[in-house]
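Novice: Just work30.txt, nothing more (compact mmCIF, C-alpha atoms):
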```
# COMPACT_ATOMS: atom_id res chain seq x y z
CA MET A 1128 -93.49 -96.64 5.12
CA ASN A 1129 -91.83 -94.74 2.26
CA ILE A 1130 -94.95 -95.11 0.05
CA ASP A 1131 -97.12 -93.34 2.65
CA VAL A 1132 -94.75 -90.44 2.86
CA LEU A 1133 -94.79 -89.99 -0.88
CA SER A 1134 -98.59 -90.05 -1.08
CA ASN A 1135 -98.95 -87.53 1.73
CA SER A 1136 -96.60 -85.20 -0.06
CA MET A 1137 -98.62 -85.36 -3.24
CA SER A 1138 -101.82 -84.68 -1.35
CA MET A 1139 -100.33 -81.57 0.15
CA GLY A 1140 -99.55 -80.12 -3.30
CA ILE A 1141 -95.82 -80.58 -3.13
CA THR A 1142 -94.29 -81.20 -6.50
CA THR A 1143 -92.27 -84.35 -6.54
CA ARG A 1144 -90.49 -86.35 -9.11
CA PRO A 1145 -92.13 -89.43 -10.58
CA LYS A 1146 -92.10 -92.44 -8.42
CA LYS A 1147 -89.39 -94.91 -9.05
CA ASN A 1148 -89.24 -98.50 -8.31
CA ILE A 1149 -86.28 -98.80 -6.06
CA SER A 1150 -85.46 -101.91 -4.22
CA LEU A 1151 -84.32 -101.86 -0.66
CA SER A 1152 -80.87 -103.03 -1.73
CA GLY A 1153 -80.66 -100.25 -4.33
CA LEU A 1154 -81.68 -97.67 -1.75
CA TRP A 1155 -79.02 -98.95 0.59
CA ASN A 1156 -76.42 -98.73 -2.14
CA ARG A 1157 -77.59 -95.23 -3.04
CA GLN A 1158 -77.09 -94.06 0.51
CA ARG A 1159 -73.58 -95.53 0.58
CA GLN A 1160 -72.50 -94.00 -2.76
CA HIS A 1161 -74.18 -90.62 -2.45
CA ASP A 1162 -70.93 -88.74 -1.90
CA TYR A 1163 -69.52 -90.02 -5.17
CA ALA A 1164 -72.49 -89.17 -7.45
CA PRO A 1165 -72.10 -86.31 -9.96
CA VAL A 1166 -73.63 -83.02 -8.80
CA ASP A 1167 -75.01 -81.87 -12.14
CA GLY A 1168 -75.60 -85.25 -13.79
CA ALA A 1169 -79.01 -86.72 -14.65
CA GLU A 1170 -80.71 -88.20 -11.68
CA GLU A 1171 -81.09 -91.53 -13.30
CA ASN A 1172 -77.32 -91.62 -13.69
CA GLU A 1173 -76.57 -90.52 -10.17
CA PHE A 1174 -74.98 -93.76 -9.31
CA VAL A 1175 -72.10 -93.27 -11.85
CA ALA A 1176 -68.81 -93.67 -10.01
CA ALA A 1177 -65.92 -91.12 -10.27
CA PRO A 1178 -63.66 -91.75 -13.26
CA ARG A 1179 -60.71 -94.05 -12.57
CA ILE A 1180 -57.13 -93.15 -13.40
CA GLU A 1181 -56.44 -95.34 -16.34
CA SER A 1182 -53.13 -97.00 -17.00
CA ASP A 1183 -52.78 -94.93 -20.25
CA SER A 1184 -51.16 -91.98 -18.37
CA VAL A 1185 -48.65 -94.35 -16.85
CA SER A 1186 -47.95 -96.05 -20.11
CA GLN A 1187 -47.20 -92.62 -21.71
CA ASN A 1188 -44.05 -92.35 -19.55
CA GLY A 1189 -42.47 -95.20 -21.43
CA PRO A 1190 -41.77 -93.29 -24.72
CA ARG A 1191 -40.64 -90.24 -22.74
CA ARG A 1192 -38.13 -92.29 -20.81
CA ARG A 1193 -36.88 -93.89 -23.97
CA TRP A 1194 -36.53 -90.43 -25.59
CA CYS A 1195 -34.49 -89.12 -22.66
CA HIS A 1196 -32.34 -92.22 -22.65
CA ASN A 1197 -31.66 -91.82 -26.38
CA ARG A 1198 -30.74 -88.16 -25.93
CA LEU A 1199 -28.30 -88.99 -23.13
CA THR A 1200 -26.73 -91.76 -25.16
CA CYS A 1201 -26.37 -89.51 -28.22
CA GLY A 1202 -24.89 -86.68 -26.13
CA SER A 1203 -22.39 -89.03 -24.52
CA ILE A 1204 -21.27 -90.32 -27.91
CA TRP A 1205 -20.82 -86.79 -29.27
CA GLY A 1206 -18.93 -85.73 -26.14
CA LEU A 1207 -16.56 -88.68 -26.39
CA THR A 1208 -16.08 -87.99 -30.10
CA ILE A 1209 -15.15 -84.35 -29.44
CA LEU A 1210 -12.79 -85.34 -26.61
CA ALA A 1211 -11.11 -87.94 -28.82
CA SER A 1212 -10.72 -85.33 -31.59
CA ILE A 1213 -9.07 -82.86 -29.20
CA LEU A 1214 -6.65 -85.51 -27.94
CA LEU A 1215 -5.84 -86.51 -31.52
CA ILE A 1216 -5.16 -82.89 -32.51
CA ASN A 1217 -2.88 -82.39 -29.50
CA LEU A 1218 -1.03 -85.59 -30.37
CA LEU A 1219 -0.55 -84.42 -33.94
CA LEU A 1220 0.70 -81.03 -32.74
CA LEU A 1221 3.13 -82.73 -30.37
CA ILE A 1222 4.48 -84.88 -33.19
CA THR A 1223 4.76 -81.83 -35.44
CA ARG A 1224 6.73 -79.91 -32.83
CA SER A 1225 9.10 -82.82 -32.33
CA LEU A 1226 9.65 -83.21 -36.08
CA TRP A 1227 10.08 -79.55 -36.96
CA GLY A 1228 11.63 -78.34 -33.70
CA ILE A 1229 8.75 -76.03 -32.75
CA GLU A 1230 9.15 -75.00 -29.10
CA ASP A 1231 6.62 -73.51 -26.75
CA ASP A 1232 9.01 -73.33 -23.83
CA PRO A 1233 12.07 -71.10 -24.30
CA ASP A 1234 13.85 -73.13 -21.62
CA LYS A 1235 13.27 -76.50 -23.30
CA ILE A 1236 16.73 -76.45 -24.80
CA PHE A 1237 18.15 -76.33 -21.27
CA GLY A 1238 16.30 -79.43 -20.07
CA ASN A 1239 19.47 -81.20 -18.95
CA TRP A 1240 21.03 -78.21 -17.26
CA GLY A 1241 22.64 -79.14 -13.95
CA LYS A 1242 22.10 -82.88 -14.32
CA PRO A 1243 24.99 -85.23 -13.48
CA GLY A 1244 27.14 -86.13 -16.43
CA THR A 1245 26.22 -83.10 -18.53
CA GLY A 1246 29.15 -80.94 -17.49
CA THR A 1247 26.81 -78.27 -16.13
CA GLU A 1248 27.02 -79.16 -12.44
CA GLY A 1249 29.51 -76.35 -11.88
CA LEU A 1250 27.88 -73.97 -14.39
CA ALA A 1251 30.71 -74.74 -16.81
CA TRP A 1252 28.61 -75.63 -19.86
CA TYR A 1253 27.55 -72.82 -22.17
CA PRO A 1254 25.56 -73.56 -25.36
CA THR A 1255 27.22 -72.45 -28.58
CA ASP A 1256 24.42 -72.64 -31.14
CA PHE A 1257 21.21 -71.85 -29.24
CA LEU A 1258 21.13 -68.26 -30.60
CA ARG A 1259 21.46 -69.06 -34.30
CA ASP A 1260 17.94 -68.02 -35.36
CA VAL A 1261 16.89 -65.90 -32.38
CA VAL A 1262 15.49 -62.48 -33.32
CA PRO A 1263 16.27 -59.86 -30.64
CA ILE A 1264 13.23 -58.17 -29.12
CA ARG A 1265 13.07 -55.14 -26.87
CA CYS A 1266 12.44 -56.90 -23.60
CA HIS A 1267 14.26 -56.85 -20.27
CA SER A 1268 14.39 -60.08 -18.23
CA HIS A 1269 13.23 -58.87 -14.84
CA ASN A 1270 14.85 -60.77 -11.93
CA ASP A 1271 16.76 -62.81 -14.48
CA TYR A 1272 18.53 -64.88 -11.83
CA TRP A 1273 15.18 -66.66 -11.21
CA ARG A 1274 15.26 -68.24 -14.69
CA LYS A 1275 15.95 -71.90 -15.22
CA VAL A 1276 19.32 -70.83 -16.62
CA PRO A 1277 20.17 -67.18 -15.85
CA LEU A 1278 21.22 -65.11 -18.88
CA PHE A 1279 20.78 -67.97 -21.39
CA SER A 1280 17.01 -68.32 -20.93
CA ALA A 1281 16.56 -64.60 -21.59
CA LEU A 1282 18.88 -64.53 -24.59
CA HIS A 1283 17.22 -67.58 -26.11
CA ALA A 1284 13.83 -65.84 -25.78
CA GLY A 1285 15.33 -62.83 -27.61
CA CYS A 1286 15.53 -60.43 -24.67
CA ILE A 1287 18.26 -57.83 -25.05
CA GLY A 1288 18.37 -56.94 -21.35
CA VAL A 1289 18.96 -58.93 -18.16
CA GLU A 1290 19.04 -58.00 -14.49
CA ALA A 1291 21.37 -59.11 -11.70
CA ASP A 1292 20.89 -58.17 -8.03
CA VAL A 1293 24.34 -58.15 -6.41
CA TRP A 1294 25.23 -58.34 -2.72
CA LEU A 1295 28.53 -57.65 -0.99
CA PHE A 1296 29.29 -58.56 2.62
CA ASP A 1297 32.06 -57.39 4.91
CA GLY A 1298 35.11 -59.63 4.82
CA ASP A 1299 34.10 -61.22 1.50
CA SER A 1300 35.18 -60.01 -1.92
CA GLU A 1301 32.59 -62.03 -3.83
CA LEU A 1302 29.47 -60.47 -5.38
CA TYR A 1303 26.55 -62.82 -4.77
CA VAL A 1304 23.45 -62.77 -6.97
CA GLY A 1305 19.90 -63.26 -5.69
CA HIS A 1306 16.66 -61.54 -4.81
CA ASP A 1307 17.29 -61.61 -1.07
CA THR A 1308 19.87 -63.01 1.33
CA ALA A 1309 17.96 -66.28 1.79
CA ALA A 1310 18.42 -67.02 -1.93
CA LEU A 1311 22.19 -66.49 -2.01
CA THR A 1312 24.52 -69.46 -2.63
CA PRO A 1313 28.31 -69.63 -3.01
CA ASN A 1314 28.28 -70.67 -6.68
CA ARG A 1315 25.74 -68.10 -7.90
CA THR A 1316 27.88 -65.03 -8.31
CA PHE A 1317 28.12 -62.05 -10.61
CA GLN A 1318 31.08 -63.60 -12.41
CA SER A 1319 29.77 -67.16 -12.69
CA LEU A 1320 26.26 -66.24 -13.87
CA TYR A 1321 26.94 -63.20 -16.08
CA VAL A 1322 30.50 -62.00 -16.68
CA ASN A 1323 32.14 -65.33 -17.50
CA PRO A 1324 29.26 -66.64 -19.66
CA LEU A 1325 29.22 -63.39 -21.67
CA VAL A 1326 32.96 -63.62 -22.22
CA ASP A 1327 32.60 -67.23 -23.33
CA LEU A 1328 29.73 -66.45 -25.73
CA LEU A 1329 31.52 -63.49 -27.27
CA ASN A 1330 34.72 -65.51 -27.69
CA ARG A 1331 32.71 -68.08 -29.64
CA THR A 1332 30.91 -65.51 -31.81
CA ASN A 1333 34.23 -63.84 -32.59
CA PRO A 1334 36.49 -66.77 -33.52
CA GLN A 1335 40.01 -66.20 -34.69
CA THR A 1336 40.21 -68.10 -37.99
CA GLU A 1337 41.64 -67.68 -41.49
CA LEU A 1338 38.24 -66.40 -42.61
CA TYR A 1339 37.44 -64.13 -39.66
CA ASN A 1340 39.68 -62.10 -37.41
CA ASP A 1341 37.60 -59.47 -35.63
CA THR A 1342 35.90 -58.82 -32.30
CA ARG A 1343 32.88 -56.72 -33.26
CA ARG A 1344 30.09 -59.32 -33.29
CA GLY A 1345 27.55 -59.50 -30.48
CA VAL A 1346 25.77 -62.57 -29.13
CA PHE A 1347 22.90 -62.54 -31.66
CA ASP A 1348 23.75 -63.95 -35.09
CA TYR A 1349 20.57 -62.40 -36.50
CA ASP A 1350 21.69 -58.92 -35.42
CA PRO A 1351 25.41 -58.88 -34.48
CA GLU A 1352 25.28 -55.14 -33.76
CA GLN A 1353 22.71 -55.54 -30.96
CA THR A 1354 24.15 -54.83 -27.51
CA VAL A 1355 23.16 -56.83 -24.44
CA ILE A 1356 22.14 -54.57 -21.55
CA LEU A 1357 23.35 -55.84 -18.17
CA LEU A 1358 21.40 -54.06 -15.43
CA VAL A 1359 23.24 -54.42 -12.12
CA ASP A 1360 21.10 -53.70 -9.05
CA PHE A 1361 23.31 -52.70 -6.11
CA LYS A 1362 21.55 -54.21 -3.07
CA THR A 1363 24.01 -53.28 -0.32
CA ASP A 1364 26.26 -50.27 0.22
CA GLY A 1365 26.79 -48.77 -3.22
CA ALA A 1366 30.13 -47.16 -2.42
CA LYS A 1367 31.51 -50.56 -1.38
CA ILE A 1368 30.02 -52.53 -4.25
CA TRP A 1369 31.19 -50.08 -6.92
CA PRO A 1370 34.89 -50.98 -6.97
CA ARG A 1371 34.08 -54.72 -6.90
CA VAL A 1372 31.77 -54.43 -9.90
CA MET A 1373 34.33 -52.39 -11.80
CA ALA A 1374 37.05 -54.96 -11.09
CA GLN A 1375 34.93 -57.97 -12.07
CA LEU A 1376 33.97 -56.35 -15.39
CA GLU A 1377 37.61 -56.29 -16.44
CA PRO A 1378 37.44 -59.44 -18.66
CA LEU A 1379 34.84 -57.67 -20.80
CA ARG A 1380 36.58 -54.31 -20.63
CA SER A 1381 40.00 -55.61 -21.63
CA ARG A 1382 38.55 -57.22 -24.76
CA GLY A 1383 36.83 -53.99 -25.79
CA TRP A 1384 33.33 -55.40 -25.36
CA LEU A 1385 31.89 -52.75 -22.99
CA THR A 1386 29.93 -49.76 -24.26
CA HIS A 1387 31.85 -46.72 -23.06
CA PHE A 1388 32.01 -42.95 -23.08
CA LYS A 1389 35.45 -41.67 -23.97
CA ASP A 1390 36.65 -38.14 -24.67
CA GLY A 1391 33.15 -36.83 -25.31
CA THR A 1392 32.07 -39.69 -27.59
CA MET A 1393 29.75 -42.62 -26.93
CA ASN A 1394 30.95 -45.96 -28.29
CA GLN A 1395 28.43 -48.79 -28.33
CA ARG A 1396 29.81 -52.29 -27.89
CA GLN A 1397 28.49 -55.82 -27.31
CA VAL A 1398 27.62 -55.30 -23.61
CA THR A 1399 26.20 -52.18 -21.97
CA VAL A 1400 26.35 -52.10 -18.15
CA VAL A 1401 23.83 -50.00 -16.22
CA GLY A 1402 23.81 -49.48 -12.45
CA THR A 1403 20.55 -49.19 -10.52
CA GLY A 1404 19.35 -49.56 -6.93
CA ASN A 1405 22.06 -48.19 -4.62
CA THR A 1406 24.41 -47.30 -7.46
CA PRO A 1407 26.08 -44.00 -6.47
CA PHE A 1408 25.64 -41.41 -9.22
CA ASP A 1409 28.63 -39.41 -7.99
CA LEU A 1410 30.92 -42.40 -8.61
CA VAL A 1411 29.46 -42.83 -12.08
CA MET A 1412 30.37 -39.21 -12.76
CA GLU A 1413 33.76 -39.38 -11.03
CA ASN A 1414 35.73 -39.98 -14.23
CA SER A 1415 34.79 -37.24 -16.69
CA THR A 1416 36.83 -38.62 -19.61
CA TYR A 1417 35.97 -42.32 -19.53
CA ARG A 1418 33.13 -44.42 -18.12
CA ASP A 1419 31.73 -47.84 -18.99
CA VAL A 1420 29.06 -48.22 -16.29
CA PHE A 1421 26.05 -45.95 -16.74
CA PHE A 1422 23.26 -44.78 -14.47
CA ASP A 1423 19.59 -45.74 -14.33
CA ALA A 1424 18.11 -42.23 -14.17
CA PRO A 1425 14.77 -41.34 -12.52
CA LEU A 1426 12.12 -41.12 -15.26
CA SER A 1427 9.62 -39.47 -12.91
CA GLU A 1428 11.77 -36.32 -12.87
CA MET A 1429 11.85 -35.89 -16.66
CA TRP A 1430 8.26 -35.05 -17.56
CA GLU A 1431 7.83 -32.35 -20.19
CA ASP A 1432 4.58 -31.16 -21.70
CA PRO A 1433 4.14 -33.29 -24.84
CA ASP A 1434 1.82 -30.71 -26.39
CA LEU A 1435 4.39 -27.91 -26.43
CA LEU A 1436 6.58 -27.34 -29.45
CA GLY A 1437 10.31 -27.32 -28.85
CA SER A 1438 12.01 -28.32 -25.62
CA ALA A 1439 11.40 -27.06 -22.12
CA SER A 1440 15.07 -26.59 -21.40
CA SER A 1441 18.37 -27.00 -23.16
CA LYS A 1442 19.82 -30.49 -23.33
CA GLU A 1443 23.18 -29.29 -22.10
CA ASN A 1444 21.73 -28.26 -18.73
CA ALA A 1445 20.21 -31.68 -17.97
CA THR A 1446 21.70 -33.63 -15.05
CA TYR A 1447 21.13 -36.95 -16.78
CA ASP A 1448 22.04 -37.54 -20.40
CA GLU A 1449 23.49 -40.26 -22.63
CA THR A 1450 27.06 -39.55 -21.43
CA ASN A 1451 26.31 -40.67 -17.86
CA SER A 1452 23.03 -42.60 -18.04
CA PHE A 1453 21.45 -45.21 -20.26
CA TYR A 1454 17.99 -45.96 -18.88
CA ALA A 1455 15.38 -43.61 -17.49
CA SER A 1456 13.20 -45.85 -15.33
CA ALA A 1457 10.15 -45.56 -13.09
CA SER A 1458 7.68 -47.80 -11.29
CA PHE A 1459 4.59 -48.10 -13.45
CA GLY A 1460 2.31 -48.63 -10.47
CA GLU A 1461 3.58 -45.62 -8.54
CA THR A 1462 3.97 -43.29 -11.52
CA ILE A 1463 1.02 -44.18 -13.76
CA GLY A 1464 -1.33 -46.05 -11.42
CA HIS A 1465 -3.93 -48.76 -12.01
CA VAL A 1466 -5.17 -49.45 -15.55
CA LEU A 1467 -7.52 -52.38 -14.95
CA THR A 1468 -10.22 -50.76 -17.11
CA GLY A 1469 -7.80 -49.15 -19.55
CA PHE A 1470 -5.69 -45.99 -19.72
CA SER A 1471 -7.21 -42.63 -18.96
CA ASP A 1472 -6.37 -39.53 -20.98
CA ASP A 1473 -4.36 -38.15 -18.04
CA GLN A 1474 -2.31 -41.35 -17.81
CA ILE A 1475 -1.51 -41.31 -21.53
CA HIS A 1476 -0.57 -37.63 -21.27
CA LYS A 1477 1.77 -38.42 -18.38
CA ILE A 1478 3.44 -41.29 -20.24
CA ARG A 1479 3.98 -39.11 -23.30
CA GLY A 1480 5.49 -36.35 -21.20
CA GLN A 1481 7.92 -38.69 -19.45
CA ILE A 1482 8.97 -40.37 -22.68
CA ARG A 1483 9.50 -37.01 -24.33
CA GLY A 1484 11.72 -35.77 -21.50
CA ALA A 1485 13.81 -38.95 -21.48
CA HIS A 1486 14.26 -39.09 -25.23
CA ARG A 1487 15.29 -35.46 -25.35
CA ARG A 1488 18.14 -36.44 -23.04
CA GLY A 1489 19.07 -39.41 -25.21
CA LEU A 1490 17.91 -42.02 -22.66
CA LYS A 1491 15.98 -45.29 -23.06
CA VAL A 1492 12.60 -45.45 -21.30
CA ARG A 1493 11.84 -48.43 -19.05
CA TYR A 1494 8.80 -48.91 -16.81
CA TRP A 1495 9.12 -51.59 -14.15
CA ASP A 1496 6.40 -53.00 -11.87
CA THR A 1497 3.99 -53.31 -14.81
CA PRO A 1498 0.93 -55.53 -14.16
CA GLY A 1499 1.40 -59.20 -14.98
CA TRP A 1500 -2.25 -60.22 -14.58
CA PRO A 1501 -4.92 -60.32 -15.93
CA ILE A 1502 -3.21 -61.29 -19.18
CA GLY A 1503 -5.40 -58.95 -21.23
CA VAL A 1504 -4.46 -56.00 -19.02
CA ARG A 1505 -0.77 -56.91 -19.18
CA ASN A 1506 -0.81 -57.18 -22.97
CA ASN A 1507 -2.65 -53.87 -23.26
CA VAL A 1508 -0.03 -52.18 -21.06
CA TRP A 1509 2.81 -53.64 -23.13
CA ARG A 1510 1.17 -52.64 -26.40
CA THR A 1511 0.35 -49.12 -25.22
CA LEU A 1512 3.84 -48.45 -23.84
CA MET A 1513 5.50 -49.55 -27.07
CA GLU A 1514 3.07 -47.54 -29.18
CA GLU A 1515 3.77 -44.44 -27.08
CA GLY A 1516 7.53 -44.79 -27.52
CA ALA A 1517 8.90 -46.78 -24.57
CA ASP A 1518 12.18 -48.42 -25.54
CA ILE A 1519 12.08 -51.71 -23.64
CA LEU A 1520 9.52 -53.88 -21.84
CA ASN A 1521 10.18 -55.07 -18.31
CA VAL A 1522 8.94 -58.69 -18.44
CA ASP A 1523 8.62 -61.72 -16.18
CA ASP A 1524 6.92 -64.02 -18.71
CA LEU A 1525 9.56 -64.71 -21.35
CA LYS A 1526 7.31 -67.02 -23.34
CA SER A 1527 4.59 -64.39 -23.85
CA ALA A 1528 7.15 -61.70 -24.59
CA SER A 1529 8.85 -63.83 -27.22
CA ARG A 1530 5.54 -64.57 -28.95
CA ARG A 1531 4.85 -60.84 -29.25
CA GLU A 1532 1.12 -61.37 -28.75
CA TRP A 1533 0.93 -57.83 -27.43
```
Kindly transcribe the structure held in the file into structure tokens.
Specialist:
Amino acid sequence: MNIDVLSNSMSMGITTRPKKNISLSGLWNRQRQHDYAPVDGAEENEFVAAPRIESDSVSQNGPRRRWCHNRLTCGSIWGLTILASILLINLLLLITRSLWGIEDDPDKIFGNWGKPGTGTEGLAWYPTDFLRDVVPIRCHSHNDYWRKVPLFSALHAGCIGVEADVWLFDGDSELYVGHDTAALTPNRTFQSLYVNPLVDLLNRTNPQTELYNDTRRGVFDYDPEQTVILLVDFKTDGAKIWPRVMAQLEPLRSRGWLTHFKDGTMNQRQVTVVGTGNTPFDLVMENSTYRDVFFDAPLSEMWEDPDLLGSASSKENATYDETNSFYASASFGETIGHVLTGFSDDQIHKIRGQIRGAHRRGLKVRYWDTPGWPIGVRNNVWRTLMEEGADILNVDDLKSASRREW
């Protein structure tokens, strides 16, 4: 039947390909495999099947897997080596600190404070040699009563100023120390935390022996002339607290250890007491011939143009001067503002003007409420204030202040 069709086509003039001898089984197979034949291949090869996926592509994954496995193994070994090196270095540093007495924590020396059997349960133990090699630095221990050991932690870090918030309640003659009423306890008082320890320290630094018989040395052996500034923040009624503070300072006063103004002359001594908070300025000024508690004057009221030559007004006409005040203080946040991206020219100009006005009056400049974080911002604030002439840094982080990384 197929042969007749082919011959009829040739007789009609239709061009056809040469006749092929194809068996019936081959034709059947051709019909079954037609969809898999190459489109542009030679006709005689039209029965070539589509290429198979050989096992070579699968076998190529073997080296790749081994390469990745080797990389992971090598990375793990290097990571463990680095970790072991870091641990070894830290161990060596720890041993070095223990051998040479290098301390990171200013409070480490007070590790046994308050523990049973140490004699500190009643705050009766006061170290005698922890200030031998301490170099005083111009820092003020803000909220000092929060330290592990009030007063001593700050002095051991080198701070020359400490702060005590005092509270007085009706029917009680004791001055309690704490940030708020919830933090007050019977044994944490102005006398137990500050007055008595200072008396004890100064008695020990001024021994009465055959080789020494004087009372002029301060608490720092490195600089015996350095005064310790005791900032007393009156938290309740200032007029009521005032006489209590004056009475409880008597142990220091009677030994001649309080900085005082007498008969027109300032006399610096081992301890300088400054009243802030609700301290009444009129009571500070009440005695015109003698005073040994000074005022924390408002720095924000003392700005003078730093670009002008000379002084804006005569020193004699100033309300606050070194005869009645010691500090001139202001809130950094309220007075200067935010400095997250650095100081602006206006902020620097304002700082210079305030410092100029305070120094012209003979006062020490202190900014409180300075930023404590980020660390870079804090250090920049500390560095800038000291470069511009501030006299003391208000600090919470004693460790960073003592390292002077700013």
Novice: Can you measure CA of Gly1305 in chain A to CA of Asn1270 in chain A for me? One decimal in Å is fine.
Specialist: 8.4 Å
Novice: Which residue gives the smallest distance to Leu1512 in chain A among A:Asn1333, A:Leu1302, A:Ala1281, A:Arg1265, with all atoms listed in the file counted?
Specialist: A:Arg1265
Novice: Taking into account all atoms listed in the file, which residue in the set A:Glu1337, A:Cys1286, A:Ile1209, A:Arg1487 is nearest to Gly1437 in chain A?
Specialist: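 The closest residue to Gly1437 in chain A is A:Arg1487.
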Novice: So that I can check the surroundings of range 1346-1361 of chain A, please list as a PyMOL selection string every protein, DNA and RNA residue that reaches within 9 Å of it, counting all atoms listed in the file and ignoring chain neighbours fewer than 6 positions away.
Specialist: chain A and resi 1258-1263+1267+1282+1285-1295+1321+1325+1328-1329+1331-1332+1368-1369+1372+1386+1395-1406+1423
Novice: Kindly give the distance, in Å, that separates CA of Arg1382 in chain A and CA of Ser1319 in chain A, rounded to a single decimal.
Specialist: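 For CA of Arg1382 in chain A relative to CA of Ser1319 in chain A, the distance reads 17.9 Å.
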Novice: Which of these, A:Asp1432, A:Asn1506, A:Leu1210, A:Ala1457, has the shortest distance to Ile1475 in chain A once you count all atoms listed in the file?
Specialist: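 Using all atoms listed in the file, Ile1475 in chain A sits closest to A:Asp1432.
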Novice: Could you check the closest approach to Met1393 in chain A for each of A:Arg1371, A:Met1429, A:Ser1452, A:Gln1335 and tell me which residue wins, using only C-alpha atoms?
Specialist: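 The shortest atom-to-atom distance to Met1393 in chain A comes from A:Ser1452.
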Novice: Kindly give the distance, in Å, that separates CA of Trp1509 in chain A and CA of Ser1527 in chain A, rounded to a single decimal.
Specialist: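 CA of Ser1527 in chain A lies at a distance of 10.9 Å from CA of Trp1509 in chain A.
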Novice: Would you mind telling me which residue in A:Gly1503, A:Pro1378, A:Pro1313, A:Pro1324 lies nearest to Leu1278 in chain A when using all atoms listed in the file?
Specialist: A:Pro1324
Novice: So, with all atoms listed in the file as the atoms that count, which of A:Pro1243, A:Asp1271, A:Thr1511, A:Pro1407 lies closest to Ser1471 in chain A?
Specialist: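 For Ser1471 in chain A, the nearest of the candidates is A:Thr1511.
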Novice: Around all of range 1201-1219 of chain A's listed atoms, make the axis-aligned box with 4 Å on each side and tell me centre and edge lengths in Å to one decimal, as AutoDock Vina command-line options.
Specialist:
```
--center_x -13.5 --center_y -86.4 --center_z -29.2 --size_x 33.8 --size_y 15.9 --size_z 17.4
```
Novice: Can you check which parts of range 1396-1509 of chain A lie within 6 Å of range 1514-1520 of chain A? Per residue, the shortest pair of atoms and distance in Å to one decimal, counting all atoms listed in the file, sorted by chain and number, as a tab-separated table.
Specialist:
```
residue	atom	partner	partner_atom	distance
A:Lys1491	CA	A:Asp1518	CA	5.5
A:Val1492	CA	A:Ala1517	CA	5.1
A:Arg1493	CA	A:Ile1519	CA	5.6
```
Novice: Take the residues from that selection and put them in a file with C-alpha atoms, as a PDB file, in the coordinates of the input.
Specialist:
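Dumped everything to again_11.pdb:
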```
ATOM      1  CA  LYS A1491      15.980 -45.290 -23.060  1.00  0.00           C
ATOM      2  CA  VAL A1492      12.600 -45.450 -21.300  1.00  0.00           C
ATOM      3  CA  ARG A1493      11.840 -48.430 -19.050  1.00  0.00           C
TER       4      ARG A1493
END
```
Novice: At a cut-off of 12 Å from (31.5, -43.0, -14.5) in the coordinates of the file, what residues are picked up using all atoms listed in the file, written as a PyMOL selection string?
Specialist: chain A and resi 1369-1370+1373+1386-1389+1400-1402+1406-1422+1449-1453
Novice: Starting from the incomplete input, reconstruct N, CA, C and O atoms of range 1448-1456 of chain A and write that as a CSV table (one decimal), in the coordinates of the input.
Specialist:
```csv
chain,number,residue,atom,x,y,z
A,1448,ASP,N,22.1,-37.5,-18.9
A,1448,ASP,CA,22.0,-37.5,-20.4
A,1448,ASP,C,22.8,-38.8,-20.8
A,1448,ASP,O,23.2,-39.6,-20.0
A,1449,GLU,N,22.9,-39.0,-22.1
A,1449,GLU,CA,23.5,-40.3,-22.6
A,1449,GLU,C,25.0,-40.4,-22.3
A,1449,GLU,O,25.5,-41.5,-22.4
A,1450,THR,N,25.7,-39.4,-21.8
A,1450,THR,CA,27.1,-39.6,-21.4
A,1450,THR,C,27.2,-40.2,-20.0
A,1450,THR,O,28.3,-40.7,-19.7
A,1451,ASN,N,26.2,-40.1,-19.2
A,1451,ASN,CA,26.3,-40.7,-17.9
A,1451,ASN,C,25.2,-41.7,-17.5
A,1451,ASN,O,25.3,-42.4,-16.5
A,1452,SER,N,24.2,-41.7,-18.3
A,1452,SER,CA,23.0,-42.6,-18.0
A,1452,SER,C,22.6,-43.3,-19.3
A,1452,SER,O,22.9,-42.9,-20.4
A,1453,PHE,N,21.9,-44.5,-19.1
A,1453,PHE,CA,21.4,-45.2,-20.3
A,1453,PHE,C,19.9,-45.3,-20.2
A,1453,PHE,O,19.2,-45.0,-21.1
A,1454,TYR,N,19.4,-45.9,-19.1
A,1454,TYR,CA,18.0,-46.0,-18.9
A,1454,TYR,C,17.5,-44.7,-18.1
A,1454,TYR,O,18.2,-44.1,-17.4
A,1455,ALA,N,16.2,-44.5,-18.4
A,1455,ALA,CA,15.4,-43.6,-17.5
A,1455,ALA,C,14.2,-44.5,-17.1
A,1455,ALA,O,13.3,-44.8,-17.9
A,1456,SER,N,14.2,-44.8,-15.8
A,1456,SER,CA,13.2,-45.8,-15.3
A,1456,SER,C,12.3,-45.3,-14.3
A,1456,SER,O,12.6,-44.3,-13.5
```
